[in-house]
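input.txt follows (compact mmCIF, C-alpha atoms):
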# COMPACT_ATOMS: atom_id res chain seq x y z
CA MET V 139 -20.34 6.77 -53.02
CA SER V 140 -16.67 5.96 -53.69
CA SER V 141 -15.03 2.68 -52.72
CA ASP V 142 -13.03 4.63 -50.10
CA ASP V 143 -16.29 5.80 -48.47
CA GLU V 144 -17.63 2.24 -48.42
CA SER V 145 -14.52 0.85 -46.76
CA ASP V 146 -14.60 3.59 -44.11
CA ALA V 147 -18.23 2.85 -43.31
CA GLY V 148 -17.45 -0.86 -43.12
CA SER V 149 -14.49 -0.36 -40.81
CA GLN V 150 -16.56 1.82 -38.46
CA ALA V 151 -19.31 -0.79 -38.33
CA GLY V 152 -16.66 -3.48 -37.85
CA ALA V 153 -15.04 -1.53 -35.00
CA GLU V 154 -18.40 -1.27 -33.19
CA ALA V 155 -19.08 -4.97 -33.84
CA ASP V 156 -15.69 -5.76 -32.24
CA LEU V 157 -17.02 -4.14 -29.06
CA GLY V 158 -20.19 -6.29 -28.97
CA SER V 159 -23.70 -4.99 -28.31
CA TYR V 160 -24.36 -1.97 -26.09
CA GLU V 161 -27.31 -0.28 -24.43
CA GLY V 162 -26.71 3.17 -23.03
CA PRO V 163 -25.82 6.76 -23.82
CA ARG V 164 -23.26 7.83 -26.39
CA ASN V 165 -21.27 11.02 -26.80
CA GLU V 166 -21.20 13.28 -29.88
CA LEU V 167 -18.75 10.87 -31.57
CA GLN V 168 -21.19 7.98 -30.95
CA GLU V 169 -18.80 6.38 -28.47
CA ARG V 170 -20.07 4.57 -25.39
CA HIS V 171 -20.25 7.24 -22.72
CA GLY V 172 -22.01 7.16 -19.34
CA MET V 173 -23.78 4.27 -17.58
CA GLY V 174 -24.34 1.38 -19.94
CA LYS V 175 -24.64 -2.36 -20.46
CA ALA V 176 -22.58 -4.36 -22.93
CA ILE V 177 -22.46 -7.93 -24.14
CA LEU V 178 -18.94 -8.41 -25.44
CA PRO V 179 -18.05 -10.60 -28.45
CA GLY V 180 -16.77 -13.53 -26.33
CA GLY V 181 -19.94 -13.58 -24.22
CA ASP V 182 -18.59 -11.60 -21.26
CA THR V 183 -20.86 -8.82 -19.97
CA TYR V 184 -20.17 -5.42 -18.43
CA GLU V 185 -22.51 -3.03 -16.70
CA GLY V 186 -21.15 0.27 -15.52
CA GLU V 187 -19.55 3.53 -16.48
CA TYR V 188 -17.97 4.28 -19.85
CA ASN V 189 -15.90 7.22 -21.01
CA ARG V 190 -15.13 7.47 -24.74
CA ASN V 191 -15.72 3.74 -25.42
CA LYS V 192 -13.63 2.59 -22.45
CA ARG V 193 -14.65 1.23 -19.06
CA ASN V 194 -14.01 4.13 -16.67
CA GLY V 195 -15.43 4.49 -13.17
CA GLN V 196 -17.39 1.80 -11.35
CA GLY V 197 -18.66 -1.34 -13.00
CA ILE V 198 -19.39 -5.05 -12.84
CA TYR V 199 -17.75 -7.40 -15.34
CA HIS V 200 -19.01 -11.00 -15.62
CA PHE V 201 -16.79 -13.50 -17.43
CA LYS V 202 -18.53 -16.12 -19.58
CA ALA V 203 -16.08 -18.77 -18.32
CA GLY V 204 -16.93 -17.89 -14.71
CA GLY V 205 -15.64 -15.19 -12.45
CA LYS V 206 -16.68 -11.64 -11.77
CA TYR V 207 -15.00 -8.31 -11.09
CA GLU V 208 -16.79 -5.49 -9.33
CA GLY V 209 -15.01 -2.21 -8.77
CA GLY V 210 -13.14 0.64 -10.37
CA TYR V 211 -11.85 0.95 -13.92
CA MET V 212 -9.63 3.37 -15.76
CA ASP V 213 -9.04 3.04 -19.52
CA ASN V 214 -10.51 -0.50 -19.57
CA LYS V 215 -8.21 -1.69 -16.76
CA LYS V 216 -9.04 -2.54 -13.16
CA GLN V 217 -8.07 0.49 -11.05
CA GLY V 218 -8.71 1.53 -7.44
CA ASN V 219 -10.78 -0.64 -5.10
CA GLY V 220 -12.38 -3.79 -6.40
CA THR V 221 -13.32 -7.40 -5.77
CA PHE V 222 -12.48 -10.21 -8.18
CA ILE V 223 -14.12 -13.61 -7.70
CA TYR V 224 -12.21 -16.21 -9.71
CA PRO V 225 -13.79 -19.20 -11.46
CA ASP V 226 -12.02 -21.59 -9.04
CA GLY V 227 -13.65 -19.87 -6.04
CA GLY V 228 -10.69 -17.71 -5.04
CA LYS V 229 -11.49 -14.12 -4.13
CA TYR V 230 -9.39 -10.95 -4.02
CA THR V 231 -10.65 -7.73 -2.43
CA GLY V 232 -8.37 -4.73 -2.44
CA ARG V 233 -6.46 -2.21 -4.51
CA TRP V 234 -5.79 -2.49 -8.24
CA ALA V 235 -3.54 -0.49 -10.56
CA GLN V 236 -3.21 -1.04 -14.30
CA ASP V 237 -5.20 -4.33 -14.15
CA ARG V 238 -2.94 -5.80 -11.43
CA LYS V 239 -3.23 -6.32 -7.68
CA ASN V 240 -1.31 -3.36 -6.23
CA GLY V 241 -1.49 -2.05 -2.67
CA LYS V 242 -3.39 -3.50 0.29
CA GLY V 243 -5.60 -6.50 -0.37
CA VAL V 244 -6.98 -9.79 0.90
CA TYR V 245 -6.93 -12.95 -1.21
CA THR V 246 -8.92 -15.97 -0.06
CA TYR V 247 -7.80 -19.17 -1.76
CA PRO V 248 -10.24 -21.88 -2.83
CA ASN V 249 -8.79 -24.24 -0.17
CA GLY V 250 -9.56 -21.73 2.64
CA ASP V 251 -6.08 -20.21 3.06
CA GLU V 252 -5.98 -16.40 3.20
CA TYR V 253 -3.36 -13.74 2.55
CA ASP V 254 -3.92 -10.26 3.99
CA GLY V 255 -1.25 -7.77 3.07
CA GLU V 256 0.55 -5.77 0.43
CA TRP V 257 0.69 -6.55 -3.29
CA THR V 258 2.83 -5.30 -6.18
CA ASN V 259 2.19 -6.29 -9.80
CA ASN V 260 0.01 -9.27 -8.79
CA TYR V 261 2.63 -10.60 -6.33
CA LYS V 262 2.49 -10.68 -2.54
CA HIS V 263 5.12 -8.03 -1.86
CA GLY V 264 5.73 -6.13 1.38
CA LYS V 265 4.25 -6.92 4.78
CA GLY V 266 1.59 -9.56 4.97
CA VAL V 267 -0.03 -12.34 6.96
CA TYR V 268 -0.77 -15.69 5.34
CA THR V 269 -3.19 -17.81 7.35
CA TYR V 270 -3.50 -21.48 6.43
CA LYS V 271 -6.88 -23.19 6.74
CA ASP V 272 -5.48 -25.32 9.60
CA GLY V 273 -4.82 -22.12 11.61
CA SER V 274 -1.05 -21.97 11.17
CA GLN V 275 0.19 -18.56 10.12
CA TYR V 276 3.13 -16.75 8.52
CA ALA V 277 3.55 -13.06 9.43
CA GLY V 278 6.33 -11.14 7.79
CA PRO V 279 7.73 -9.69 4.59
CA TRP V 280 7.21 -10.96 1.06
CA VAL V 281 9.29 -10.28 -2.05
CA ASN V 282 7.79 -11.11 -5.46
CA GLY V 283 5.41 -13.68 -4.00
CA ARG V 284 7.99 -15.43 -1.79
CA ARG V 285 8.57 -15.27 1.97
CA GLU V 286 11.72 -13.24 2.54
CA GLY V 287 13.25 -11.65 5.66
CA MET V 288 12.66 -11.78 9.43
CA ALA V 289 9.28 -13.35 10.14
CA GLU V 290 7.20 -15.46 12.48
CA LEU V 291 5.66 -18.78 11.54
CA LYS V 292 3.11 -20.27 13.93
CA LEU V 293 2.57 -23.99 13.50
CA PHE V 294 0.00 -25.36 15.91
CA ASP V 295 1.70 -25.06 19.36
CA CYS V 296 5.14 -24.15 17.97
CA VAL V 297 6.35 -20.69 16.92
CA TYR V 298 9.35 -20.17 14.61
CA ARG V 299 10.96 -16.72 14.66
CA GLY V 300 13.76 -16.24 12.19
CA MET V 301 14.85 -15.50 8.66
CA PHE V 302 13.26 -16.66 5.45
CA LYS V 303 15.14 -16.71 2.18
CA ASP V 304 13.70 -17.79 -1.15
CA ASP V 305 10.46 -18.87 0.58
CA LYS V 306 12.21 -21.14 3.13
CA PRO V 307 13.38 -20.73 6.75
CA VAL V 308 17.19 -20.33 7.02
CA GLY V 309 19.81 -19.83 9.71
CA ARG V 310 19.27 -19.55 13.46
CA ALA V 311 15.78 -19.36 14.75
CA PHE V 312 13.90 -19.27 18.01
CA TYR V 313 11.16 -21.76 18.75
Take the structure in the file and give it back as structure tokens.
Amino acid sequence: MSSDDESDAGSQAGAEADLGSYEGPRNELQERHGMGKAILPGGDTYEGEYNRNKRNGQGIYHFKAGGKYEGGYMDNKKQGNGTFIYPDGGKYTGRWAQDRKNGKGVYTYPNGDEYDGEWTNNYKHGKGVYTYKDGSQYAGPWVNGRREGMAELKLFDCVYRGMFKDDKPVGRAFY
């Protein structure tokens, strides 16, 4: 065996070791393929569908540091419908694209607040309703995670209808 052959064998073994341990079917190239279970090098675990060594289809990913994602994957990234429970107790259920919240979704914050609306690139973006744990509520547009545009803010027995700019009420309003 030449030294080139030895280094190739070592790099292939090293590449598989980088992926952690795996139980499940493999394709003709010995890649993870089909329903399987993996323990990843950092201690995270994944159980679900693989296609050519990548998470593809439905699966459940448990993070060693806490947190869990259950839903769709494409090329190792969260894609389609899924639920992510964060280590701090927050929870997002909705659409994902390229590992980011994108589309319609509901995020429940650890303090009990909830946002139900549209997301783009992990930001509240588009129409949405943010309900505070005390019952007050903002209903209106969001731009890059900030309240922006004509909206309604209900605070206990008072209702503010007016413009928001840079996450704050501005200009004339009706109460």
Please identify all polymer residues within 10 Å of Lys262 of chain V, counting only C-alpha atoms, omitting same-chain residues fewer than 3 positions from it, and present them as a ChimeraX atom specification.
/V:239-243,245,253-259,265-268,279-285
What does the file look like for those residues with C-alpha atoms, as a CSV table (one decimal), in the coordinates of the input?
chain,number,residue,atom,x,y,z
V,239,LYS,CA,-3.2,-6.3,-7.7
V,240,ASN,CA,-1.3,-3.4,-6.2
V,241,GLY,CA,-1.5,-2.0,-2.7
V,242,LYS,CA,-3.4,-3.5,0.3
V,243,GLY,CA,-5.6,-6.5,-0.4
V,245,TYR,CA,-6.9,-13.0,-1.2
V,253,TYR,CA,-3.4,-13.7,2.6
V,254,ASP,CA,-3.9,-10.3,4.0
V,255,GLY,CA,-1.2,-7.8,3.1
V,256,GLU,CA,0.6,-5.8,0.4
V,257,TRP,CA,0.7,-6.6,-3.3
V,258,THR,CA,2.8,-5.3,-6.2
V,259,ASN,CA,2.2,-6.3,-9.8
V,265,LYS,CA,4.2,-6.9,4.8
V,266,GLY,CA,1.6,-9.6,5.0
V,267,VAL,CA,0.0,-12.3,7.0
V,268,TYR,CA,-0.8,-15.7,5.3
V,279,PRO,CA,7.7,-9.7,4.6
V,280,TRP,CA,7.2,-11.0,1.1
V,281,VAL,CA,9.3,-10.3,-2.0
V,282,ASN,CA,7.8,-11.1,-5.5
V,283,GLY,CA,5.4,-13.7,-4.0
V,284,ARG,CA,8.0,-15.4,-1.8
V,285,ARG,CA,8.6,-15.3,2.0
Which distance in Å separates atom CA of Ala277 of chain V and atom CA of Glu208 of chain V, to one decimal?
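Straight-line distance from atom CA of Ala277 of chain V to atom CA of Glu208 of chain V works out to 28.7 Å.
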Sort by chain and increasing residue number a table of all residues of segment 210-293 of chain V within 6 Å of segment 189-198 of chain V, each with its closest pair of atoms and their distance in Å to one decimal, counting all atoms listed in the file, and write it as a Markdown table.
| residue | atom | partner | partner_atom | distance |
| --- | --- | --- | --- | --- |
| V:Gly210 | CA | V:Gln196 | CA | 4.5 |
| V:Tyr211 | CA | V:Asn194 | CA | 4.7 |
| V:Met212 | CA | V:Asn194 | CA | 4.5 |
| V:Asp213 | CA | V:Lys192 | CA | 5.5 |
| V:Asn214 | CA | V:Arg193 | CA | 4.5 |
Can you pull out every residue within 9 Å of segment 300-303 of chain V, counting all atoms listed in the file, but drop anything in the same chain fewer than 5 positions away, and send it as a ChimeraX atom specification?
/V:279,284-291,308-313
For Lys216 of chain V, which of V:Gln236, V:His263, V:Tyr188, V:Tyr199 is the closest residue, counting all atoms listed in the file?
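Closest candidate: V:Gln236.
Distance-wise, atom CA of Val297 of chain V and atom CA of Asn249 of chain V end up 23.1 Å apart.
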Using all atoms of segment 176-182 of chain V listed in the file and a margin of 8 Å per side, can you give the axis-aligned box centre and edge lengths in Å to one decimal, as JSON?
{"center_x": -19.7, "center_y": -9.0, "center_z": -24.9, "size_x": 21.8, "size_y": 25.2, "size_z": 23.2}
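The interatomic distance for the pair atom CA of Ile177 of chain V and atom CA of Gly162 of chain V works out to 11.9 Å.
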Find the spatial neighbours of Lys292 of chain V, counting all atoms listed in the file, within a cut-off of 7 Å - ignore same-chain residues fewer than 5 positions away - and output them as an mmCIF file with C-alpha atoms, in the coordinates of the input.
data_model
loop_
_atom_site.group_PDB
_atom_site.id
_atom_site.type_symbol
_atom_site.label_atom_id
_atom_site.label_comp_id
_atom_site.auth_asym_id
_atom_site.auth_seq_id
_atom_site.Cartn_x
_atom_site.Cartn_y
_atom_site.Cartn_z
ATOM 1 C CA SER V 274 -1.050 -21.970 11.170
ATOM 2 C CA GLN V 275 0.190 -18.560 10.120
ATOM 3 C CA TYR V 276 3.130 -16.750 8.520
ATOM 4 C CA VAL V 297 6.350 -20.690 16.920
ATOM 5 C CA TYR V 298 9.350 -20.170 14.610
#
Write segment 198-209 of chain V as an mmCIF file, keeping the file's coordinate frame, completed to all heavy atoms.
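Listed below is the output, out.cif:
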data_model
loop_
_atom_site.group_PDB
_atom_site.id
_atom_site.type_symbol
_atom_site.label_atom_id
_atom_site.label_comp_id
_atom_site.auth_asym_id
_atom_site.auth_seq_id
_atom_site.Cartn_x
_atom_site.Cartn_y
_atom_site.Cartn_z
ATOM 1 N N ILE V 198 -19.375 -3.618 -13.142
ATOM 2 C CA ILE V 198 -19.390 -5.050 -12.840
ATOM 3 C C ILE V 198 -19.156 -5.800 -14.139
ATOM 4 O O ILE V 198 -19.895 -5.615 -15.116
ATOM 5 C CB ILE V 198 -20.727 -5.483 -12.208
ATOM 6 C CG1 ILE V 198 -21.002 -4.697 -10.942
ATOM 7 C CG2 ILE V 198 -20.712 -6.991 -11.926
ATOM 8 C CD1 ILE V 198 -22.399 -4.911 -10.372
ATOM 9 N N TYR V 199 -18.125 -6.634 -14.156
ATOM 10 C CA TYR V 199 -17.750 -7.400 -15.340
ATOM 11 C C TYR V 199 -17.935 -8.879 -15.008
ATOM 12 O O TYR V 199 -17.332 -9.383 -14.069
ATOM 13 C CB TYR V 199 -16.293 -7.112 -15.697
ATOM 14 C CG TYR V 199 -15.865 -7.599 -17.052
ATOM 15 C CD1 TYR V 199 -15.598 -6.698 -18.072
ATOM 16 C CD2 TYR V 199 -15.700 -8.945 -17.327
ATOM 17 C CE1 TYR V 199 -15.177 -7.128 -19.324
ATOM 18 C CE2 TYR V 199 -15.296 -9.386 -18.567
ATOM 19 C CZ TYR V 199 -15.038 -8.481 -19.569
ATOM 20 O OH TYR V 199 -14.626 -8.905 -20.812
ATOM 21 N N HIS V 200 -18.783 -9.562 -15.786
ATOM 22 C CA HIS V 200 -19.010 -11.000 -15.620
ATOM 23 C C HIS V 200 -18.309 -11.724 -16.766
ATOM 24 O O HIS V 200 -18.520 -11.385 -17.937
ATOM 25 C CB HIS V 200 -20.506 -11.336 -15.677
ATOM 26 C CG HIS V 200 -21.270 -10.866 -14.488
ATOM 27 N ND1 HIS V 200 -21.435 -11.631 -13.364
ATOM 28 C CD2 HIS V 200 -21.920 -9.692 -14.248
ATOM 29 C CE1 HIS V 200 -22.154 -10.958 -12.479
ATOM 30 N NE2 HIS V 200 -22.452 -9.772 -12.990
ATOM 31 N N PHE V 201 -17.503 -12.717 -16.425
ATOM 32 C CA PHE V 201 -16.790 -13.500 -17.430
ATOM 33 C C PHE V 201 -17.625 -14.720 -17.807
ATOM 34 O O PHE V 201 -18.142 -15.420 -16.932
ATOM 35 C CB PHE V 201 -15.430 -13.954 -16.881
ATOM 36 C CG PHE V 201 -14.512 -12.806 -16.609
ATOM 37 C CD1 PHE V 201 -14.568 -12.135 -15.398
ATOM 38 C CD2 PHE V 201 -13.601 -12.390 -17.565
ATOM 39 C CE1 PHE V 201 -13.728 -11.069 -15.136
ATOM 40 C CE2 PHE V 201 -12.756 -11.325 -17.309
ATOM 41 C CZ PHE V 201 -12.819 -10.662 -16.092
ATOM 42 N N LYS V 202 -17.748 -14.985 -19.096
ATOM 43 C CA LYS V 202 -18.530 -16.120 -19.580
ATOM 44 C C LYS V 202 -18.009 -17.424 -18.979
ATOM 45 O O LYS V 202 -18.777 -18.312 -18.630
ATOM 46 C CB LYS V 202 -18.488 -16.182 -21.104
ATOM 47 C CG LYS V 202 -19.294 -17.327 -21.682
ATOM 48 C CD LYS V 202 -19.211 -17.374 -23.182
ATOM 49 C CE LYS V 202 -19.986 -18.574 -23.703
ATOM 50 N NZ LYS V 202 -19.858 -18.690 -25.147
ATOM 51 N N ALA V 203 -16.705 -17.544 -18.839
ATOM 52 C CA ALA V 203 -16.080 -18.770 -18.320
ATOM 53 C C ALA V 203 -16.181 -18.872 -16.804
ATOM 54 O O ALA V 203 -15.646 -19.807 -16.211
ATOM 55 C CB ALA V 203 -14.621 -18.829 -18.751
ATOM 56 N N GLY V 204 -16.852 -17.920 -16.170
ATOM 57 C CA GLY V 204 -16.930 -17.890 -14.710
ATOM 58 C C GLY V 204 -16.085 -16.743 -14.196
ATOM 59 O O GLY V 204 -15.180 -16.280 -14.871
ATOM 60 N N GLY V 205 -16.386 -16.287 -13.038
ATOM 61 C CA GLY V 205 -15.640 -15.190 -12.450
ATOM 62 C C GLY V 205 -16.363 -13.870 -12.641
ATOM 63 O O GLY V 205 -17.207 -13.711 -13.537
ATOM 64 N N LYS V 206 -16.033 -12.949 -11.758
ATOM 65 C CA LYS V 206 -16.680 -11.640 -11.770
ATOM 66 C C LYS V 206 -15.756 -10.627 -11.121
ATOM 67 O O LYS V 206 -15.105 -10.920 -10.127
ATOM 68 C CB LYS V 206 -17.992 -11.729 -10.976
ATOM 69 C CG LYS V 206 -18.715 -10.418 -10.773
ATOM 70 C CD LYS V 206 -20.014 -10.639 -10.014
ATOM 71 C CE LYS V 206 -20.011 -9.912 -8.713
ATOM 72 N NZ LYS V 206 -21.276 -9.981 -7.995
ATOM 73 N N TYR V 207 -15.708 -9.432 -11.698
ATOM 74 C CA TYR V 207 -15.000 -8.310 -11.090
ATOM 75 C C TYR V 207 -15.991 -7.187 -10.853
ATOM 76 O O TYR V 207 -16.760 -6.827 -11.750
ATOM 77 C CB TYR V 207 -13.865 -7.805 -11.984
ATOM 78 C CG TYR V 207 -13.240 -6.534 -11.452
ATOM 79 C CD1 TYR V 207 -12.377 -6.574 -10.361
ATOM 80 C CD2 TYR V 207 -13.534 -5.295 -11.998
ATOM 81 C CE1 TYR V 207 -11.819 -5.414 -9.846
ATOM 82 C CE2 TYR V 207 -12.984 -4.131 -11.492
ATOM 83 C CZ TYR V 207 -12.128 -4.196 -10.416
ATOM 84 O OH TYR V 207 -11.585 -3.050 -9.909
ATOM 85 N N GLU V 208 -15.956 -6.637 -9.647
ATOM 86 C CA GLU V 208 -16.790 -5.490 -9.330
ATOM 87 C C GLU V 208 -15.914 -4.433 -8.686
ATOM 88 O O GLU V 208 -15.287 -4.681 -7.654
ATOM 89 C CB GLU V 208 -17.917 -5.883 -8.368
ATOM 90 C CG GLU V 208 -18.870 -4.767 -8.057
ATOM 91 C CD GLU V 208 -20.116 -5.215 -7.301
ATOM 92 O OE1 GLU V 208 -20.313 -6.433 -7.113
ATOM 93 O OE2 GLU V 208 -20.884 -4.328 -6.885
ATOM 94 N N GLY V 209 -15.845 -3.266 -9.323
ATOM 95 C CA GLY V 209 -15.010 -2.210 -8.770
ATOM 96 C C GLY V 209 -14.673 -1.152 -9.795
ATOM 97 O O GLY V 209 -15.370 -0.972 -10.791
#
